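S.K.: Have a look at this one before I ask anything.
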Amino acid sequence: MASSSRPHAAAERRVLALLLAVTATAAISSCTTGGADTGAGKGGAGAGAGKVAVAMASDPTSLDPSKATVASDFQMARMAYDSLVGRDDGGKIVAALAEKWSATADSAEFTLRDGITCTDGAKLTATAVADSLNRLGDPKTGATASAQVFGAGNTVTATADDAARKVTVKLKNPWSDLLFGLAMPQSGIVCPAALKDPKLLAAGGKGAGTGRYYVASAQPGSVYRLTARDGYAWGPAYAKQPGGTPPGSADMRVIQSEATMANELQTGALDYAGLTGADVARFTGKKEFTLRPAPIVRMMVVFNQRAGRPGADPAVRKAVAAALDRTAFNKAVTRGSGQLLTSIADAGVPCVSKDASLLTAPDKMAAAKALKGVRIKITGTNAVAGGTGNEYVAAALKAAGADVVLRNAANATWGSEVLGNKGDWDLTLWPNLNLTNVLTAPASLLAGPPPAEGRNFGDVRNPAFGAAFAKAMTTVDTTAKCAAWGEAQKALLARTDVVPLAAANVFYIDGSRIASASPDGLYDPSTIRLKK
């Protein structure tokens with residue numbers, strides 16, 4: 001899924017549902033100020049009662065929010081760690097751990113709510129928050145989203161005034177999406193006990209986080225049991241946060257089959273799942289279920305451009321693009337219900353290019369001339385429509401004469417082997433987890449150093465793209481910013497560094513016992529409430 005991120009209480013199996021997609025339509029102005037919206041009532045006080053069961057498409061790859069890579073990671077981070085601010089419908093920044101804030105392109109100041117504690121009851125100080133943010137920005141941490149939050153290679157300095165409950169974040173270089181980045185699940189604040197004890201952080205246990213829940217027990221491949229702590233009286237101030245009782249515990253269940261998810265939703269064994277495939281039809285028009293579609297799975301081909309790989313050859317990349325047809329792909333994966341992409345994000349993302357003429361047109365004859373006999377290893381996630389998109393890409397390249405080896409992997413495995421570049425792969429179908437609905441989310445994974453130093457998993461080397469990307473982040477003027485983003489996308493597509501295909505809907509499905517919210521198109525499992 002990369003997707004992009006966007007980004008989810010278990011909305012995954014087919015969709016990396018956690019693509020945390022947020023529909024922000026406005027960039028941060030030169031100075032953005034948040035009001036004193038406490039949101040305390042919306043958070044729901046206390047530990048609550050009752051248990052819910054939430055589906056995840058795979059095991060988490062990490063329970064450390066700063067290391068989150070795939071949808072399951074984001075879901076767990078939302079449950080166990082709160083961020084300074086949240087992002088609501090329309091891209092509005094709302095209160096979370098912070099009750100007030102202001103921001104420019106290279107700095108931000110936050111005033112924490114009074115009375116916040118960690119899951120073990122320890123008081124959360126401004127110093128503790130600053131320590132967590134400094135760790136997130138420290139290159140030694142290897143945080144997967146640091147480039148998206150602060151900007152690739154940026155120097156981050158967070159300071160604190162405990163008496164005033166103030167935290168100040170300063171950047172060496174401008175990054176005008178700073179507030180959006182600090183609303184991401186990877187920016188969840190880690191408590192001092194976990195910063196001192198790596199084992200506690202790795203387990204997500206009591207005292208590690210700032211959210212309502214902590215991991216009470218874990219059975220990889222089966223279930224992660226979360227327990228609510230007492231004294232939690234805050235939470236993101238989402239406008240559509242439903243009423244009801246916060247669950248006292250949550251079983252985050254690992255289920256790789258959408259059909260199995262659907263079966264268990266129907267029997268009541270599950271309370272929530274995110275579906276993308278044909279099983280959605282089983283819930284359409286059924287009053288006992290609540291369905292919310294979100295076009296957050298932005299699918300595109302990305303190449304491994306390291307030396308010796310076929311993707312290092314521009315002619316091969318262009319031939320692969322010529323072998324693929326966006327419309328045919330959309331029919332195969334979404335039955336035609338998806339949105340055709342013209343760039344690295346969908347049409348709802350600010351500054352996205354809508355110029356289809358920048359794309360390589362389908363040309364089977366040209367593809368066949370360049371791809372005959374070329375061996376291409378495709379590794380894709382099966383979390384989106386069971387890997388149907390991967391199969392379409394493999395079939396199209398085989399038809400062009402390529403020697404294709406396809407591997408449909410579990411989402412966690414795909415995240416490690418492709419996004420972490422620990423596997424043997426030449427090409428992937430990337431379901432972009434755009435966690436912020438801004439172009440920086442996908443762009444940050446296509447620029448800068450490769451893993452483990454950075455997140456440029458395909459090792460894309462495109463100086464024109466990098467320069468225009470950096471230019472976009474130095475201005476808060478919308479016109480200038482979009483002009484720079486236009487240059488960046490044109491440079492990326494001219495070299496066929498990506499092949500945009502289509503964005504698919506994720507259907508967030510609540511069972512009859514619960515209500516939940518998906519702020520700005522992103523499912524947040526911490527919003528689940530048991531109906532009264």
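As shown in the structure tokens, the chain order sets the letters A, B, ...; within each chain, residues go from 1, and ligands are also counted from 1 in the order they appear.
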Quick check for you: according to DSSP on this backbone, which residues of segment 133-361 of chain A are classed as helix (DSSP H, G or I)? Reply as number ranges by chain.
M.R.: A: 133-137, 139-141, 146-150, 178-182, 185-187, 192-196, 198-203, 258-267, 278-282, 310-312, 314-323, 326-334, 356-358
S.K.: Contacts of Val280 of chain A at 12 Å or less, counting only C-alpha atoms, minus same-chain residues fewer than 5 places along, as a VMD selection string?
M.R.: chain A and resid 14 258 to 259 261 to 263 265 to 266 273 to 275 285 to 286 289 to 293 334 385 505 to 509
S.K.: Give me, as JSON lines, each residue of segment 427-461 of chain A that comes within 9 Å of segment 144-162 of chain A, together with its shortest interatomic pair and the distance in Å at one decimal, counting only C-alpha atoms, with rows ordered by chain and rising residue number.
M.R.:
{"residue": "A:Thr440", "atom": "CA", "partner": "A:Gln148", "partner_atom": "CA", "distance": 6.4}
{"residue": "A:Ala441", "atom": "CA", "partner": "A:Gln148", "partner_atom": "CA", "distance": 5.8}
{"residue": "A:Pro442", "atom": "CA", "partner": "A:Gln148", "partner_atom": "CA", "distance": 8.7}
{"residue": "A:Ala443", "atom": "CA", "partner": "A:Gln148", "partner_atom": "CA", "distance": 8.6}
{"residue": "A:Ser444", "atom": "CA", "partner": "A:Gln148", "partner_atom": "CA", "distance": 5.9}
{"residue": "A:Leu445", "atom": "CA", "partner": "A:Ala147", "partner_atom": "CA", "distance": 8.4}
{"residue": "A:Ala447", "atom": "CA", "partner": "A:Ala152", "partner_atom": "CA", "distance": 8.3}
{"residue": "A:Gly448", "atom": "CA", "partner": "A:Ala152", "partner_atom": "CA", "distance": 6.5}
{"residue": "A:Pro449", "atom": "CA", "partner": "A:Ala152", "partner_atom": "CA", "distance": 8.6}
{"residue": "A:Gly454", "atom": "CA", "partner": "A:Thr144", "partner_atom": "CA", "distance": 7.5}
{"residue": "A:Arg455", "atom": "CA", "partner": "A:Thr144", "partner_atom": "CA", "distance": 6.5}
S.K.: Find the residue from A:Ala269, A:Ala410, A:Leu371, A:Val297 that sits nearest to Asn330 of chain A; use only C-alpha atoms when measuring.
M.R.: A:Val297
S.K.: Determine which residues of segment 467-504 of chain A DSSP labels as strand (DSSP E or B) from the backbone of this structure, then write them out as a PyMOL selection string.
M.R.: chain A and resi 498-504
S.K.: Could the residues in this selection be saved with all heavy atoms as a tab-separated table (two decimals), in the first residue's frame?
M.R.:
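Heads up, here's the output in result21.tsv:
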chain	number	residue	atom	x	y	z
A	498	VAL	N	8.82	6.31	-12.05
A	498	VAL	CA	7.60	5.66	-11.58
A	498	VAL	C	6.65	5.51	-12.76
A	498	VAL	O	6.75	6.24	-13.75
A	498	VAL	CB	6.89	6.46	-10.46
A	498	VAL	CG1	7.78	6.58	-9.24
A	498	VAL	CG2	6.48	7.84	-10.95
A	499	VAL	N	5.73	4.56	-12.64
A	499	VAL	CA	4.68	4.38	-13.65
A	499	VAL	C	3.34	4.45	-12.92
A	499	VAL	O	2.88	3.45	-12.34
A	499	VAL	CB	4.81	3.03	-14.39
A	499	VAL	CG1	3.74	2.93	-15.48
A	499	VAL	CG2	6.20	2.87	-14.98
A	500	PRO	N	2.69	5.62	-12.89
A	500	PRO	CA	1.40	5.75	-12.20
A	500	PRO	C	0.33	4.91	-12.89
A	500	PRO	O	0.23	4.88	-14.12
A	500	PRO	CB	1.09	7.25	-12.34
A	500	PRO	CG	2.41	7.90	-12.64
A	500	PRO	CD	3.16	6.90	-13.46
A	501	LEU	N	-0.50	4.25	-12.08
A	501	LEU	CA	-1.56	3.40	-12.64
A	501	LEU	C	-2.93	3.83	-12.14
A	501	LEU	O	-3.65	4.52	-12.85
A	501	LEU	CB	-1.27	1.93	-12.33
A	501	LEU	CG	0.00	1.38	-13.03
A	501	LEU	CD1	0.38	0.01	-12.50
A	501	LEU	CD2	-0.20	1.35	-14.54
A	502	ALA	N	-3.33	3.46	-10.93
A	502	ALA	CA	-4.68	3.80	-10.46
A	502	ALA	C	-4.73	3.83	-8.95
A	502	ALA	O	-3.92	3.21	-8.26
A	502	ALA	CB	-5.71	2.80	-11.00
A	503	ALA	N	-5.71	4.56	-8.42
A	503	ALA	CA	-5.98	4.60	-6.97
A	503	ALA	C	-7.26	3.83	-6.69
A	503	ALA	O	-8.29	4.08	-7.33
A	503	ALA	CB	-6.12	6.04	-6.50
A	504	ALA	N	-7.19	2.91	-5.75
A	504	ALA	CA	-8.34	2.08	-5.41
A	504	ALA	C	-8.95	2.52	-4.09
A	504	ALA	O	-8.29	3.10	-3.23
A	504	ALA	CB	-7.92	0.62	-5.31
S.K.: Pick the closest to Asp363 of chain A from A:Val393, A:Ala400, A:Ala323, A:Val94: which is it, counting only C-alpha atoms?
M.R.: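 Closest to Asp363 of chain A of all the choices is A:Ala323.
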S.K.: Restricting the calculation to only C-alpha atoms: of A:Gly348, A:Gly268, A:Gly423, A:Gly486, which residue gets closest to Lys377 of chain A?
M.R.: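 Smallest separation from Lys377 of chain A among the options: A:Gly423.
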S.K.: I need the residue nearest Ala68 of chain A from this list: A:Thr428, A:Ser187, A:Asn462, A:Ser357. Use only C-alpha atoms for the distance.
M.R.: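 Checking each of A:Thr428, A:Ser187, A:Asn462, A:Ser357 against Ala68 of chain A, counting only C-alpha atoms, the winner is A:Ser187.
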S.K.: Kindly indicate which residue among A:Asp114, A:Glu417, A:Asp313, A:Asp477 lies nearest to Asp497 of chain A, using only C-alpha atoms for the distances.
M.R.: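 Looking at the shortest contact to Asp497 of chain A, the residue is A:Asp313.
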S.K.: Which one of A:Pro60, A:Pro247, A:Pro174, A:Pro236 sits closest to Pro220 of chain A if you count only C-alpha atoms?
M.R.: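 Comparing A:Pro60, A:Pro247, A:Pro174, A:Pro236 against Pro220 of chain A, the winner is A:Pro60.
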